[in-house]
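What follows is a single structure, written as structure tokens, with notes after it.
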Amino acid sequence: MPTEPAPEVLALVDAIKVHFPDLGGTVTEAAEARRILAAAPVWPFEPPAVGSVENRAIPGPAGAPEIPVRVYLPHPAPAPGPDPVVSPRPTVVFFHGGGWVIGGLDTHDSIARALCRDADAAVVSVGYRLAPEARFPAAVDDAYAALCWAAGHIGELGADQDALVVAGDSAGGNLAAVAAIVARDRGGPALALQVLLYPATDARPREGAPPRSGPAYFLTAAHGRWFAEQYFGPDGDRAHPWASPLLADPRALPPAHVVTAGFDPLCDEGHAYASRLREAGVRVTEAHYPGMFHGFFGFPELLADARAAQEAVAGVIACTVSGRKKSGEGGGCAG
């Protein structure tokens, strides 16, 4: 493993930091963090083209507000006749990252579009409630409600009933893993796959958890502490399986594809979760990018590893539909 990222990667990280709030340092309020992020320059690249994009509001958990979602559908396949062909496709329920505090449908629009286009999948991106206004387990409740909604609308989405996928990055990877656990425990929707992009799997304070190894770039320990303080508050149970899926019973969970980055403080716990699933008999594929940092997946226009990671993720998602396989380096089906 390299001792530090390549110069072009360091340059990108430095550029990102210019517009990223000093969380847990000079910035302590979630509203201020969101204001700083909203003022960042517009991303100069065109987003991936898809067939359609629709903002919707779906029912939230009992007694909770509606959940905003953004539904992406791929372009129908061309057909010789007057009507396009809509072949069975996966449905991906996607949860954005941001430490359960920042981020949203807009910040992860390009990632959701890329999943839709490259995996030929219907994507439901979920605007779950954020902390500290709504603390743990509000985001979990929203995530599971959105998963159940998507499962109940498979026909409307033109998707394959047996190809339902949960996916997310960072805190969204945590929610994707937890949604899979809740679905198993409640007899909820059957999942074909969970895609976990540098997921947070162990929310315990460091004195109660294995130490993290290696240097980190972009995401820092101070950021992590601040995010956890906002999400769990002073009394949240960080050892609960819905907070730390690494501590959950891993048996009978759906197959997983886990992406980790070498210069990421969450790298070890992502790998540990993949190992725990595998030891319980769950089919797992891992894609590790030793020279990358937390959040790299969102920069395919600038990073070859991000393009490779997106291609691999698209491949495993596409494989959830019987008879379909997207080939390519790092692609293939989980397991």
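Within each chain, counting starts at residue 1; across the structure tokens, chains are named A, B, ... in the order shown, with ligands numbered 1 upward in that order.
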- Item | All residues 9 Å or closer to segment 284-299 of chain A, only C-alpha atoms, same chain fewer than 4 positions away omitted, as a VMD selection string | chain A and resid 1 to 6 9 13 97 108 110 to 111 169 to 170 197 to 198 216 to 219 255 to 267 271 274 to 275 277 to 278 303 to 307 309 to 310 312 330 333 to 335
- For segment 118-134 of chain A, please output as an MDAnalysis selection string all residues within 6 Å (counting only C-alpha atoms; exclusion window: fewer than 2 positions along the same chain). chainID A and resid 68:74 89:95 100:101 104:105 114:116 138:139 142 230:231 314 318
- Using DSSP on the backbone coordinates, identify all residues within segment 100-332 of chain A classified as alpha helix (DSSP H); present the result as a count of residues only. 81
- Residue contacts of Phe227 of chain A (12 Å, only C-alpha atoms) excluding same-chain residues fewer than 6 positions away, as a count of residues only: 28
- Task: Name the closest residue to His240 of chain A among the candidates A:Ala192, A:Val178, A:Val282, A:Cys319; distances are taken between atoms, counting only C-alpha atoms.
- Result: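 That would be A:Val178, the residue with the smallest distance to His240 of chain A.
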- Rank nothing, just name the residue among A:Ala163, A:Gly155, A:Pro76, A:Glu301 nearest to Thr320 of chain A, using only C-alpha atoms.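 Looking at the shortest contact to Thr320 of chain A, the residue is A:Ala163.
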- Message: Using Å and a single decimal, report how far atom CA of Asp202 of chain A sits from atom CA of Leu247 of chain A.
- Response: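 So the answer is 7.6 Å.
Residues of segment 112-154 of chain A that DSSP, applied to the backbone, places in strand (DSSP E): Ala122, Val123, Val124, Ser125 and Val126 of chain A.
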May I have the selected residues written with all heavy atoms, as a PDB file, in the first residue's frame?
```
ATOM      1  N   ALA A 122     -33.616   0.752 -12.076  1.00  0.00           N
ATOM      2  CA  ALA A 122     -34.425   1.787 -11.444  1.00  0.00           C
ATOM      3  C   ALA A 122     -33.764   2.129 -10.115  1.00  0.00           C
ATOM      4  O   ALA A 122     -33.397   1.238  -9.349  1.00  0.00           O
ATOM      5  CB  ALA A 122     -35.846   1.290 -11.221  1.00  0.00           C
ATOM      6  N   VAL A 123     -33.584   3.413  -9.841  1.00  0.00           N
ATOM      7  CA  VAL A 123     -32.926   3.841  -8.605  1.00  0.00           C
ATOM      8  C   VAL A 123     -33.874   4.740  -7.831  1.00  0.00           C
ATOM      9  O   VAL A 123     -34.426   5.696  -8.389  1.00  0.00           O
ATOM     10  CB  VAL A 123     -31.609   4.581  -8.892  1.00  0.00           C
ATOM     11  CG1 VAL A 123     -30.994   5.127  -7.599  1.00  0.00           C
ATOM     12  CG2 VAL A 123     -30.614   3.655  -9.594  1.00  0.00           C
ATOM     13  N   VAL A 124     -34.058   4.418  -6.559  1.00  0.00           N
ATOM     14  CA  VAL A 124     -34.854   5.245  -5.650  1.00  0.00           C
ATOM     15  C   VAL A 124     -33.883   5.831  -4.629  1.00  0.00           C
ATOM     16  O   VAL A 124     -33.406   5.131  -3.732  1.00  0.00           O
ATOM     17  CB  VAL A 124     -35.948   4.425  -4.948  1.00  0.00           C
ATOM     18  CG1 VAL A 124     -36.747   5.322  -3.997  1.00  0.00           C
ATOM     19  CG2 VAL A 124     -36.869   3.761  -5.970  1.00  0.00           C
ATOM     20  N   SER A 125     -33.543   7.107  -4.802  1.00  0.00           N
ATOM     21  CA  SER A 125     -32.638   7.785  -3.882  1.00  0.00           C
ATOM     22  C   SER A 125     -33.471   8.397  -2.759  1.00  0.00           C
ATOM     23  O   SER A 125     -34.474   9.066  -3.010  1.00  0.00           O
ATOM     24  CB  SER A 125     -31.852   8.866  -4.622  1.00  0.00           C
ATOM     25  OG  SER A 125     -30.879   9.456  -3.786  1.00  0.00           O
ATOM     26  N   VAL A 126     -33.045   8.180  -1.519  1.00  0.00           N
ATOM     27  CA  VAL A 126     -33.887   8.444  -0.352  1.00  0.00           C
ATOM     28  C   VAL A 126     -33.376   9.647   0.440  1.00  0.00           C
ATOM     29  O   VAL A 126     -32.223   9.662   0.891  1.00  0.00           O
ATOM     30  CB  VAL A 126     -33.936   7.202   0.567  1.00  0.00           C
ATOM     31  CG1 VAL A 126     -34.855   7.454   1.761  1.00  0.00           C
ATOM     32  CG2 VAL A 126     -34.391   5.981  -0.228  1.00  0.00           C
TER      33      VAL A 126
END
```
